[in-house]
Amino acid sequence: MTDKDAGQHEAAIPERPQKDRPWVMRTYAGHSTATASNELYRGNLAKGQTGLSVAFDLPTQTGYDPQDALSRGEVGKVGVPIPHLGEMRRLFDQIPLVEMNTSMTINATAMWLLALYQVVAEEQNPDATPEEVAGQLAGTTQNDIIKEYLSRGTYVFGPEQSLRLTADTIAYTVNQIPKWNPINICSYHLQEAGATPTQEIAYALGTAIAVLDQVKNSGQVADEDFGKVVGRMSFFVNSGVRFVEEVCKMRAFTQLWDEITQERYGVEDPKMRRFRYGVQVNSLGLTESQPENNVQRIVLEMLGVTLSKDARARAVQLPAWNEALGLPRPWDQQWSLRLQQVLAFESDLLEYDDIFDGSHVIAAKVDELKQGARAEMDRVQAMGGAVAAVESGYMKQELVSAHAARRARIEAGEEIIVGVNKFETTEPSPLTADLDAAIQTADPEAEAAAIRSVEEWKAQRDEQEVEEALARLAADAKTDTNLMEATLACARAGATTGEWAGTLRGVFGEFRAPTGVGGAVGVAEAGAELAAVRQRVKETGDELGGRLRLLVGKPGLDGHSNGAEQVAVRARDAGFEVVYQGIRLTPEQIVAAAVAEDVHCVGLSILSGSHMELVPTVLEGLRDAGLEDLPVIVGGIIPSGDAQRLIDQGVAAVYTPKDFGLTEIMDGIVDVIRKANDLA
């Protein structure tokens, strides 16, 4: 080949298009202790992760110190415990916060955790003023309390008081921490609770309207700066496996948000109206059966929020393949990070404009979703808005009903879950050959370590300074003063998470959200299987002299109530009288309810990993109450070894995510009751 030919050949090679910048890549992480979590974060950052996403444990999320009775068994299980400023220092040791983009999944106590974060950043930069440090901080506090009443359950105060804290945080950050996203309107957990795409859009945007109205009415942000409030709001969505529908959902979200912020709030700058969102792809659809299938599910779900350039996520975090089995290991989180990196850096996705522009199929589906969402938003607004729809139980009831309908479709085989209700035969998986090694176990000493940490912290602080700071917080809470400055004073003085929340509980009181079970629609038509179980329930009740009564209990701080709600609804459909008092009960309260209601069976739902601490306590309480023969069943994410230990301690049956057939579970409950009462 001549030099001339070579030059012509080189000229014929097209240049590759310039790639867009990829989204922020995160993994949602935190467990056991601040020190262990810090090590995990620094390891993930070294592997190419570009942002942090902090998971806090349930006591931190609900405002309790580790020694509180409700914290028993929950410390360090689903996230990292942060009971005071010293632990926040450990969490971000050697991680420069002014250079980091940190997302904190925190809601009821969001103001408090943001204050701790800001104070640690100030301590890391002693040569800068607090104002200069605040100006450099970038990240997100989820701070969306409304969905907590509907799905995740980590609320503390009533909706009105909670919205006040939300608005105070937003106003403070817009004025003082301009690069911070003070709220992350979170539709993720709505989908986990069973929301359809239409409901997910409608309820998330309805929440955003409630929050913006609260901030506007508070008068804490000048009218000319209100566009900044809209511009700093972000969203956190869920992406399911129906990825074409998810693409359309995100385009509908984007278009509706642009319309609402322009028409309702008069925001003219299109940059401020941009729908900015991060995503955690769906965990509801991850299966315990054939868990290796979860990898391709996660990839498809990631495509739903990355394929459309005009509606692409700003940040993505992926679950691990084994989350339905227990706590993922660092290697499992690395695998999920690599999925993102392959898509962003090896594929050509980021080289093109929106590949769906001009598609009449996509446009039609987007319009359908927008129309449905507008209609549902109008219903919510007609009730008085999102807060009123929470307090009346409407939105919760709709979600429970939608979830029940999904479960019924799966059981009927109308909705196929590969490896669960179809294609169930499988080769032995090397990934799960040793189940105990396939997940990470939270440090069993985490609770004791956290309690020691609080004791040591209190021993070295200035008690008078703490008392004065908490007194200021209580006084400000009784007025309409923004509570962020008093909260920062508490953080600097050395108050604990439980003390901050406890002070506000003393002023605001507490709240128990509607369960949504009473008015939820269950199985529309009873097939032969449910009819047969219903007959067994009736016959067994007749033999025992009355209707069978099932107590469904949620001990501890675990607020993920979807499973408990679905069991309660199906039990009601099967003919049981159901006693369900909602979330966040102590074992003692559950025992008292079992005695008072004279139930035939107690069903405990625990998804936080605290089953080995809480279930034995319930069993012991029942024995002390003279109910040692009352059968107890347990459901949750429970490793097989733990399940056997619970049975050895007296539990009658253990159900895990692989037991998706609710009617079969009802039949099993009848068996348990008959065996406990020596019925043939």
# chains A, B, ... in the order shown; residues from 1 in each chain; ligands from 1
>>> residues_around(residues="segment 181-188 of chain A", least_positions_apart="2", cutoff="8 Å", atoms="only C-alpha atoms", output="MDAnalysis selection string")
chainID A and resid 138:144 147 166 169:170 173:174 179 190:192 200:201 203:204 207:208 232:239 277 279:280 282
>>> residues_around(residues="Tyr580 of chain A", least_positions_apart="5", cutoff="10 Å", atoms="only C-alpha atoms", output="PyMOL selection string")
chain A and resi 515+517-518+550-554+564-565+568-569+593+603
>>> residues_around(residues="segment 422-425 of chain A", least_positions_apart="2", cutoff="9 Å", atoms="only C-alpha atoms", output="ChimeraX atom specification")
/A:289-290,413,416-420,427
>>> write_last_selection(atoms="all heavy atoms", output="JSON list (two decimals), in the first residue's frame")
[["chain", "number", "residue", "atom", "x", "y", "z"],
["A", 289, "SER", "N", -35.40, -16.48, 44.46],
["A", 289, "SER", "CA", -35.25, -17.64, 43.58],
["A", 289, "SER", "C", -34.41, -17.25, 42.37],
["A", 289, "SER", "O", -34.62, -16.19, 41.77],
["A", 289, "SER", "CB", -36.63, -18.12, 43.11],
["A", 289, "SER", "OG", -37.45, -18.44, 44.19],
["A", 290, "GLN", "N", -33.44, -18.12, 41.99],
["A", 290, "GLN", "CA", -32.56, -17.85, 40.85],
["A", 290, "GLN", "C", -32.07, -16.39, 40.88],
["A", 290, "GLN", "O", -32.31, -15.62, 39.94],
["A", 290, "GLN", "CB", -33.28, -18.15, 39.54],
["A", 290, "GLN", "CG", -33.71, -19.60, 39.39],
["A", 290, "GLN", "CD", -34.39, -19.89, 38.06],
["A", 290, "GLN", "OE1", -34.11, -19.23, 37.05],
["A", 290, "GLN", "NE2", -35.28, -20.87, 38.05],
["A", 413, "GLY", "N", -50.31, -16.08, 37.32],
["A", 413, "GLY", "CA", -49.46, -16.32, 36.17],
["A", 413, "GLY", "C", -49.67, -15.33, 35.04],
["A", 413, "GLY", "O", -49.11, -15.48, 33.96],
["A", 416, "ILE", "N", -45.48, -12.58, 34.50],
["A", 416, "ILE", "CA", -44.46, -13.63, 34.61],
["A", 416, "ILE", "C", -43.21, -13.08, 35.30],
["A", 416, "ILE", "O", -42.68, -12.02, 34.93],
["A", 416, "ILE", "CB", -44.11, -14.19, 33.22],
["A", 416, "ILE", "CG1", -45.32, -14.95, 32.65],
["A", 416, "ILE", "CG2", -42.89, -15.10, 33.29],
["A", 416, "ILE", "CD1", -45.13, -15.38, 31.22],
["A", 417, "ILE", "N", -42.75, -13.80, 36.29],
["A", 417, "ILE", "CA", -41.47, -13.53, 36.94],
["A", 417, "ILE", "C", -40.60, -14.76, 36.70],
["A", 417, "ILE", "O", -40.85, -15.83, 37.26],
["A", 417, "ILE", "CB", -41.63, -13.28, 38.45],
["A", 417, "ILE", "CG1", -42.71, -12.23, 38.73],
["A", 417, "ILE", "CG2", -40.29, -12.88, 39.06],
["A", 417, "ILE", "CD1", -42.40, -10.85, 38.23],
["A", 418, "VAL", "N", -39.60, -14.61, 35.87],
["A", 418, "VAL", "CA", -38.76, -15.74, 35.47],
["A", 418, "VAL", "C", -38.07, -16.33, 36.69],
["A", 418, "VAL", "O", -37.47, -15.62, 37.49],
["A", 418, "VAL", "CB", -37.73, -15.29, 34.41],
["A", 418, "VAL", "CG1", -36.75, -16.42, 34.11],
["A", 418, "VAL", "CG2", -38.44, -14.84, 33.14],
["A", 419, "GLY", "N", -38.19, -17.64, 36.83],
["A", 419, "GLY", "CA", -37.58, -18.33, 37.95],
["A", 419, "GLY", "C", -38.45, -18.39, 39.18],
["A", 419, "GLY", "O", -38.11, -19.05, 40.16],
["A", 420, "VAL", "N", -39.59, -17.67, 39.15],
["A", 420, "VAL", "CA", -40.50, -17.65, 40.30],
["A", 420, "VAL", "C", -41.81, -18.35, 39.96],
["A", 420, "VAL", "O", -42.18, -19.33, 40.59],
["A", 420, "VAL", "CB", -40.76, -16.20, 40.77],
["A", 420, "VAL", "CG1", -41.83, -16.16, 41.87],
["A", 420, "VAL", "CG2", -39.47, -15.58, 41.29],
["A", 427, "GLU", "N", -30.26, -25.09, 37.22],
["A", 427, "GLU", "CA", -29.03, -25.76, 37.60],
["A", 427, "GLU", "C", -28.55, -25.17, 38.93],
["A", 427, "GLU", "O", -28.86, -24.03, 39.27],
["A", 427, "GLU", "CB", -27.95, -25.53, 36.53],
["A", 427, "GLU", "CG", -28.29, -26.13, 35.17],
["A", 427, "GLU", "CD", -28.43, -27.64, 35.22],
["A", 427, "GLU", "OE1", -27.67, -28.28, 35.99],
["A", 427, "GLU", "OE2", -29.31, -28.19, 34.52]]
>>> select_by_dssp(residues="segment 216-450 of chain A", states="strand (DSSP E or B)", output="PyMOL selection string")
chain A and resi 233-239+277-281+315-317+327+418+422+440
>>> write_last_selection(atoms="all heavy atoms", output="tab-separated table (two decimals), in the first residue's frame")
chain	number	residue	atom	x	y	z
A	233	MET	N	-34.66	21.84	43.64
A	233	MET	CA	-35.42	20.62	43.93
A	233	MET	C	-34.98	19.52	42.98
A	233	MET	O	-34.79	19.74	41.79
A	233	MET	CB	-36.92	20.86	43.79
A	233	MET	CG	-37.50	21.75	44.87
A	233	MET	SD	-39.29	21.89	44.76
A	233	MET	CE	-39.80	20.27	45.37
A	234	SER	N	-34.83	18.33	43.53
A	234	SER	CA	-34.52	17.19	42.68
A	234	SER	C	-35.51	16.07	43.01
A	234	SER	O	-36.30	16.17	43.95
A	234	SER	CB	-33.08	16.72	42.90
A	234	SER	OG	-32.88	16.31	44.24
A	235	PHE	N	-35.46	15.04	42.22
A	235	PHE	CA	-36.37	13.91	42.39
A	235	PHE	C	-35.54	12.62	42.46
A	235	PHE	O	-34.41	12.56	41.97
A	235	PHE	CB	-37.37	13.83	41.23
A	235	PHE	CG	-38.40	14.92	41.24
A	235	PHE	CD1	-38.07	16.21	40.85
A	235	PHE	CD2	-39.70	14.66	41.64
A	235	PHE	CE1	-39.01	17.23	40.86
A	235	PHE	CE2	-40.66	15.68	41.66
A	235	PHE	CZ	-40.31	16.96	41.27
A	236	PHE	N	-36.12	11.61	43.07
A	236	PHE	CA	-35.47	10.30	43.17
A	236	PHE	C	-36.50	9.27	42.75
A	236	PHE	O	-37.52	9.10	43.43
A	236	PHE	CB	-34.99	10.05	44.60
A	236	PHE	CG	-34.12	8.83	44.74
A	236	PHE	CD1	-32.85	8.81	44.20
A	236	PHE	CD2	-34.57	7.71	45.41
A	236	PHE	CE1	-32.03	7.69	44.33
A	236	PHE	CE2	-33.77	6.58	45.54
A	236	PHE	CZ	-32.49	6.58	44.99
A	237	VAL	N	-36.25	8.62	41.63
A	237	VAL	CA	-37.29	7.77	41.04
A	237	VAL	C	-36.87	6.31	41.04
A	237	VAL	O	-35.73	5.95	41.32
A	237	VAL	CB	-37.63	8.22	39.60
A	237	VAL	CG1	-37.98	9.69	39.56
A	237	VAL	CG2	-36.48	7.92	38.65
A	238	ASN	N	-37.84	5.49	40.71
A	238	ASN	CA	-37.65	4.05	40.60
A	238	ASN	C	-37.73	3.69	39.13
A	238	ASN	O	-38.49	4.30	38.37
A	238	ASN	CB	-38.77	3.34	41.37
A	238	ASN	CG	-38.42	1.93	41.77
A	238	ASN	OD1	-37.72	1.23	41.05
A	238	ASN	ND2	-38.92	1.49	42.91
A	239	SER	N	-36.98	2.72	38.71
A	239	SER	CA	-37.05	2.25	37.33
A	239	SER	C	-37.25	0.74	37.35
A	239	SER	O	-36.40	0.00	37.85
A	239	SER	CB	-35.76	2.60	36.57
A	239	SER	OG	-35.83	2.14	35.24
A	277	TYR	N	-33.13	14.52	38.30
A	277	TYR	CA	-33.45	13.35	39.12
A	277	TYR	C	-32.29	12.36	39.18
A	277	TYR	O	-31.46	12.25	38.28
A	277	TYR	CB	-34.72	12.67	38.61
A	277	TYR	CG	-34.56	11.81	37.37
A	277	TYR	CD1	-34.39	10.43	37.47
A	277	TYR	CD2	-34.62	12.37	36.10
A	277	TYR	CE1	-34.28	9.63	36.34
A	277	TYR	CE2	-34.51	11.58	34.96
A	277	TYR	CZ	-34.33	10.21	35.09
A	277	TYR	OH	-34.22	9.42	33.97
A	278	GLY	N	-32.26	11.66	40.30
A	278	GLY	CA	-31.41	10.49	40.46
A	278	GLY	C	-32.29	9.26	40.52
A	278	GLY	O	-33.52	9.36	40.65
A	279	VAL	N	-31.68	8.11	40.46
A	279	VAL	CA	-32.48	6.89	40.41
A	279	VAL	C	-31.79	5.76	41.15
A	279	VAL	O	-30.57	5.65	41.16
A	279	VAL	CB	-32.74	6.47	38.94
A	279	VAL	CG1	-31.44	6.16	38.22
A	279	VAL	CG2	-33.68	5.29	38.85
A	280	GLN	N	-32.60	4.97	41.83
A	280	GLN	CA	-32.21	3.65	42.31
A	280	GLN	C	-33.15	2.70	41.58
A	280	GLN	O	-34.36	2.84	41.67
A	280	GLN	CB	-32.40	3.52	43.82
A	280	GLN	CG	-32.56	2.10	44.33
A	280	GLN	CD	-31.26	1.44	44.74
A	280	GLN	OE1	-30.27	2.09	44.97
A	280	GLN	NE2	-31.28	0.13	44.83
A	281	VAL	N	-32.63	1.77	40.82
A	281	VAL	CA	-33.52	0.91	40.07
A	281	VAL	C	-34.20	-0.08	41.01
A	281	VAL	O	-33.79	-0.29	42.14
A	281	VAL	CB	-32.80	0.20	38.90
A	281	VAL	CG1	-32.07	1.21	38.03
A	281	VAL	CG2	-31.86	-0.88	39.38
A	315	ALA	N	-28.01	11.04	38.32
A	315	ALA	CA	-27.23	10.14	39.17
A	315	ALA	C	-27.94	8.79	39.20
A	315	ALA	O	-29.17	8.73	39.20
A	315	ALA	CB	-27.10	10.69	40.58
A	316	VAL	N	-27.16	7.72	39.21
A	316	VAL	CA	-27.73	6.37	39.19
A	316	VAL	C	-27.05	5.53	40.27
A	316	VAL	O	-25.82	5.57	40.41
A	316	VAL	CB	-27.53	5.68	37.82
A	316	VAL	CG1	-28.06	4.26	37.84
A	316	VAL	CG2	-28.23	6.48	36.71
A	317	GLN	N	-27.84	4.81	41.03
A	317	GLN	CA	-27.29	3.81	41.93
A	317	GLN	C	-28.08	2.52	41.72
A	317	GLN	O	-29.30	2.53	41.56
A	317	GLN	CB	-27.36	4.26	43.39
A	317	GLN	CG	-28.73	4.60	43.92
A	317	GLN	CD	-28.67	5.31	45.26
A	317	GLN	OE1	-27.89	6.23	45.46
A	317	GLN	NE2	-29.50	4.88	46.20
A	327	LEU	N	-27.59	-8.60	53.07
A	327	LEU	CA	-26.74	-7.43	52.88
A	327	LEU	C	-25.64	-7.74	51.85
A	327	LEU	O	-24.87	-8.68	52.03
A	327	LEU	CB	-26.10	-7.05	54.22
A	327	LEU	CG	-25.26	-5.78	54.28
A	327	LEU	CD1	-26.15	-4.56	54.07
A	327	LEU	CD2	-24.53	-5.69	55.61
A	418	VAL	N	-39.60	-14.61	35.87
A	418	VAL	CA	-38.76	-15.74	35.47
A	418	VAL	C	-38.07	-16.33	36.69
A	418	VAL	O	-37.47	-15.62	37.49
A	418	VAL	CB	-37.73	-15.29	34.41
A	418	VAL	CG1	-36.75	-16.42	34.11
A	418	VAL	CG2	-38.44	-14.84	33.14
A	422	LYS	N	-42.55	-19.05	36.54
A	422	LYS	CA	-42.34	-19.70	35.24
A	422	LYS	C	-40.85	-19.97	35.09
A	422	LYS	O	-40.02	-19.23	35.62
A	422	LYS	CB	-42.85	-18.80	34.10
A	422	LYS	CG	-43.06	-19.55	32.78
A	422	LYS	CD	-43.75	-18.65	31.76
A	422	LYS	CE	-44.00	-19.36	30.44
A	422	LYS	NZ	-44.99	-20.45	30.58
A	440	GLN	N	-23.23	-10.38	53.21
A	440	GLN	CA	-22.42	-9.86	54.30
A	440	GLN	C	-23.28	-9.78	55.56
A	440	GLN	O	-24.46	-9.44	55.50
A	440	GLN	CB	-21.89	-8.47	53.95
A	440	GLN	CG	-21.00	-7.85	55.02
A	440	GLN	CD	-20.19	-6.71	54.46
A	440	GLN	OE1	-19.58	-6.84	53.41
A	440	GLN	NE2	-20.17	-5.60	55.17
>>> closest_atom_pairs(of="segment 152-178 of chain A", to="segment 49-72 of chain A", cutoff="7 Å", atoms="only C-alpha atoms", output="JSON lines")
{"residue": "A:Thr154", "atom": "CA", "partner": "A:Thr62", "partner_atom": "CA", "distance": 5.5}
{"residue": "A:Tyr155", "atom": "CA", "partner": "A:Thr62", "partner_atom": "CA", "distance": 6.5}
{"residue": "A:Val156", "atom": "CA", "partner": "A:Thr62", "partner_atom": "CA", "distance": 6.1}
>>> select_by_dssp(residues="segment 501-563 of chain A", states="alpha helix (DSSP H)", output="list of chain:residue names")
A:Ala501, A:Gly502, A:Thr503, A:Leu504, A:Arg505, A:Gly506, A:Val507, A:Phe508, A:Ala528, A:Glu529, A:Leu530, A:Ala531, A:Ala532, A:Val533, A:Arg534, A:Gln535, A:Arg536, A:Val537, A:Lys538, A:Glu539, A:Thr540, A:Gly541, A:Asp542, A:Glu543, A:Leu544, A:Asn562, A:Gly563
>>> closest_atom_pairs(of="segment 174-247 of chain A", to="segment 388-403 of chain A", cutoff="7 Å", atoms="only C-alpha atoms", output="CSV")
residue,atom,partner,partner_atom,distance
A:Ala193,CA,A:Leu399,CA,6.2
A:Gly194,CA,A:His403,CA,4.0
A:Ala195,CA,A:Leu399,CA,5.5
>>> closest_residue(among="A:Trp112, A:Phe253, A:Trp500, A:Tyr41", to="Val80 of chain A", atoms="only C-alpha atoms")
A:Tyr41
>>> atom_distance(atom1="atom CA of Arg472 of chain A", atom2="atom CA of Leu114 of chain A")
18.5 Å
>>> closest_residue(among="A:Ile638, A:Ala571, A:Val380, A:Ile146", to="Gln199 of chain A", atoms="only C-alpha atoms")
A:Val380
>>> residues_around(residues="Glu246 of chain A", least_positions_apart="2", cutoff="12 Å", atoms="only C-alpha atoms", output="number ranges by chain")
A: 191, 196-198, 200-201, 237-244, 248-253, 279, 281-282, 300-308, 311-313, 362, 365-366, 369
>>> closest_residue(among="A:Leu45, A:Leu343, A:Ala29, A:Met612", to="Ala643 of chain A", atoms="only C-alpha atoms")
A:Met612
>>> closest_residue(among="A:Glu628, A:Glu577, A:Asp93, A:Glu259", to="Arg374 of chain A", atoms="only C-alpha atoms")
A:Glu259
>>> residues_around(residues="Asp168 of chain A", least_positions_apart="4", cutoff="12 Å", atoms="only C-alpha atoms", output="MDAnalysis selection string")
chainID A and resid 110:112 143 161:164 172:176 182:183 211:212 214:221 229 476:477 480:487
>>> write_last_selection(atoms="N, CA, C and O atoms", output="short mmCIF file (atom, residue, chain, number, x, y, z; two decimals), in the first residue's frame")
data_model
loop_
_atom_site.label_atom_id
_atom_site.label_comp_id
_atom_site.auth_asym_id
_atom_site.auth_seq_id
_atom_site.Cartn_x
_atom_site.Cartn_y
_atom_site.Cartn_z
N ALA A 110 -33.71 14.83 58.56
CA ALA A 110 -32.83 15.38 57.52
C ALA A 110 -32.14 16.66 57.96
O ALA A 110 -30.94 16.85 57.71
N MET A 111 -32.88 17.55 58.62
CA MET A 111 -32.29 18.80 59.09
C MET A 111 -31.11 18.52 60.01
O MET A 111 -30.06 19.17 59.92
N TRP A 112 -31.27 17.56 60.90
CA TRP A 112 -30.23 17.23 61.87
C TRP A 112 -29.00 16.65 61.18
O TRP A 112 -27.86 17.06 61.47
N ASN A 143 -35.15 14.25 52.40
CA ASN A 143 -36.02 15.25 53.02
C ASN A 143 -37.44 15.24 52.46
O ASN A 143 -38.12 16.27 52.49
N GLN A 161 -46.16 19.40 60.85
CA GLN A 161 -44.87 19.74 61.48
C GLN A 161 -43.70 19.26 60.62
O GLN A 161 -42.66 19.92 60.53
N SER A 162 -43.87 18.12 59.99
CA SER A 162 -42.80 17.59 59.14
C SER A 162 -42.56 18.49 57.93
O SER A 162 -41.42 18.73 57.54
N LEU A 163 -43.64 18.99 57.34
CA LEU A 163 -43.49 19.89 56.20
C LEU A 163 -42.81 21.19 56.62
O LEU A 163 -42.08 21.80 55.84
N ARG A 164 -43.04 21.61 57.85
CA ARG A 164 -42.35 22.80 58.36
C ARG A 164 -40.84 22.56 58.37
O ARG A 164 -40.06 23.41 57.93
N TYR A 172 -33.21 27.45 54.17
CA TYR A 172 -31.85 27.65 54.67
C TYR A 172 -30.82 27.35 53.58
O TYR A 172 -29.88 28.14 53.36
N THR A 173 -30.98 26.22 52.90
CA THR A 173 -29.97 25.85 51.91
C THR A 173 -30.01 26.77 50.69
O THR A 173 -28.95 27.11 50.15
N VAL A 174 -31.19 27.16 50.25
CA VAL A 174 -31.27 28.07 49.10
C VAL A 174 -30.53 29.37 49.41
O VAL A 174 -29.83 29.94 48.56
N ASN A 175 -30.62 29.81 50.67
CA ASN A 175 -29.97 31.07 51.07
C ASN A 175 -28.51 30.90 51.49
O ASN A 175 -27.72 31.84 51.36
N GLN A 176 -28.15 29.72 52.02
CA GLN A 176 -26.82 29.54 52.62
C GLN A 176 -25.94 28.49 51.95
O GLN A 176 -24.72 28.57 52.02
N PRO A 182 -31.79 20.48 48.60
CA PRO A 182 -32.32 20.29 49.95
C PRO A 182 -33.46 19.28 50.04
O PRO A 182 -33.83 18.88 51.14
N ILE A 183 -34.00 18.90 48.89
CA ILE A 183 -35.07 17.90 48.90
C ILE A 183 -34.98 17.06 47.64
O ILE A 183 -34.62 17.53 46.57
N VAL A 211 -44.89 20.82 48.85
CA VAL A 211 -43.65 21.37 49.41
C VAL A 211 -43.42 22.80 48.91
O VAL A 211 -43.11 23.71 49.70
N LEU A 212 -43.59 23.03 47.61
CA LEU A 212 -43.37 24.37 47.07
C LEU A 212 -44.36 25.37 47.65
O LEU A 212 -44.00 26.51 47.97
N GLN A 214 -45.69 25.18 50.60
CA GLN A 214 -45.28 25.41 51.98
C GLN A 214 -44.14 26.42 52.04
O GLN A 214 -44.15 27.34 52.87
N VAL A 215 -43.14 26.26 51.18
CA VAL A 215 -42.01 27.19 51.17
C VAL A 215 -42.47 28.59 50.79
O VAL A 215 -42.09 29.59 51.42
N LYS A 216 -43.31 28.66 49.77
CA LYS A 216 -43.79 29.97 49.31
C LYS A 216 -44.58 30.67 50.41
O LYS A 216 -44.39 31.86 50.68
N ASN A 217 -45.47 29.92 51.06
CA ASN A 217 -46.32 30.51 52.09
C ASN A 217 -45.55 30.87 53.36
O ASN A 217 -46.01 31.68 54.16
N SER A 218 -44.39 30.24 53.56
CA SER A 218 -43.60 30.54 54.77
C SER A 218 -42.95 31.92 54.70
O SER A 218 -42.55 32.47 55.72
N GLY A 219 -42.81 32.46 53.49
CA GLY A 219 -42.21 33.79 53.33
C GLY A 219 -40.72 33.84 53.60
O GLY A 219 -40.16 34.93 53.75
N GLN A 220 -40.05 32.68 53.64
CA GLN A 220 -38.62 32.67 53.97
C GLN A 220 -37.72 32.90 52.77
O GLN A 220 -36.51 33.09 52.93
N VAL A 221 -38.31 32.84 51.57
CA VAL A 221 -37.53 33.06 50.34
C VAL A 221 -38.19 34.20 49.57
O VAL A 221 -39.41 34.19 49.37
N VAL A 229 -35.53 28.04 44.39
CA VAL A 229 -36.13 26.93 45.14
C VAL A 229 -36.49 25.81 44.18
O VAL A 229 -36.16 24.64 44.40
N ASP A 476 -37.67 27.81 69.80
CA ASP A 476 -37.87 28.17 68.39
C ASP A 476 -38.96 27.34 67.74
O ASP A 476 -39.69 27.82 66.87
N ALA A 477 -39.08 26.08 68.17
CA ALA A 477 -40.09 25.20 67.58
C ALA A 477 -41.51 25.67 67.90
O ALA A 477 -42.45 25.34 67.17
N ASP A 480 -42.51 30.44 64.61
CA ASP A 480 -42.30 30.11 63.19
C ASP A 480 -40.86 30.39 62.75
O ASP A 480 -40.57 30.49 61.56
N THR A 481 -39.94 30.47 63.72
CA THR A 481 -38.52 30.68 63.42
C THR A 481 -37.96 29.48 62.65
O THR A 481 -38.29 28.33 62.96
N ASN A 482 -37.12 29.75 61.66
CA ASN A 482 -36.44 28.66 60.96
C ASN A 482 -35.58 27.89 61.96
O ASN A 482 -34.79 28.48 62.70
N LEU A 483 -35.73 26.56 61.99
CA LEU A 483 -35.10 25.74 63.02
C LEU A 483 -33.68 25.29 62.68
O LEU A 483 -33.04 24.60 63.47
N MET A 484 -33.17 25.70 61.52
CA MET A 484 -31.84 25.22 61.13
C MET A 484 -30.74 25.81 62.00
O MET A 484 -29.80 25.09 62.38
N GLU A 485 -30.83 27.07 62.36
CA GLU A 485 -29.78 27.68 63.19
C GLU A 485 -29.75 27.03 64.57
O GLU A 485 -28.67 26.75 65.12
N ALA A 486 -30.92 26.79 65.17
CA ALA A 486 -30.95 26.12 66.47
C ALA A 486 -30.43 24.70 66.37
O ALA A 486 -29.77 24.19 67.29
N THR A 487 -30.70 24.06 65.24
CA THR A 487 -30.22 22.69 65.03
C THR A 487 -28.70 22.67 64.89
O THR A 487 -28.02 21.80 65.45
#
>>> residues_around(residues="Pro330 of chain A", least_positions_apart="5", cutoff="9 Å", atoms="only C-alpha atoms", output="list of chain:residue names")
A:Leu40, A:Gly43, A:Asn44, A:Trp335, A:Gln440
>>> atom_distance(atom1="atom CA of Glu351 of chain A", atom2="atom CA of Pro17 of chain A")
5.6 Å
>>> atom_distance(atom1="atom CA of Glu467 of chain A", atom2="atom CA of Gln118 of chain A")
21.2 Å
>>> closest_residue(among="A:Glu15, A:Glu415, A:Glu74, A:Asp671", to="Leu557 of chain A", atoms="only C-alpha atoms")
A:Glu74
>>> residues_around(residues="Pro639 of chain A", least_positions_apart="5", cutoff="8 Å", atoms="only C-alpha atoms", output="PyMOL selection string")
chain A and resi 325-326+435-436
>>> write_last_selection(atoms="N, CA and C atoms", output="PDB file, in the first residue's frame")
ATOM      1  N   LEU A 325     -31.470 -11.597  49.241  1.00  0.00           N
ATOM      2  CA  LEU A 325     -30.933 -12.609  50.160  1.00  0.00           C
ATOM      3  C   LEU A 325     -30.436 -11.996  51.461  1.00  0.00           C
ATOM      4  N   GLY A 326     -29.959 -10.750  51.399  1.00  0.00           N
ATOM      5  CA  GLY A 326     -29.405 -10.129  52.597  1.00  0.00           C
ATOM      6  C   GLY A 326     -28.535  -8.948  52.213  1.00  0.00           C
ATOM      7  N   LEU A 435     -24.756 -20.131  50.939  1.00  0.00           N
ATOM      8  CA  LEU A 435     -25.617 -18.972  51.165  1.00  0.00           C
ATOM      9  C   LEU A 435     -25.090 -18.069  52.264  1.00  0.00           C
ATOM     10  N   ASP A 436     -24.484 -18.657  53.280  1.00  0.00           N
ATOM     11  CA  ASP A 436     -23.967 -17.835  54.372  1.00  0.00           C
ATOM     12  C   ASP A 436     -22.825 -16.932  53.903  1.00  0.00           C
TER      13      ASP A 436
END
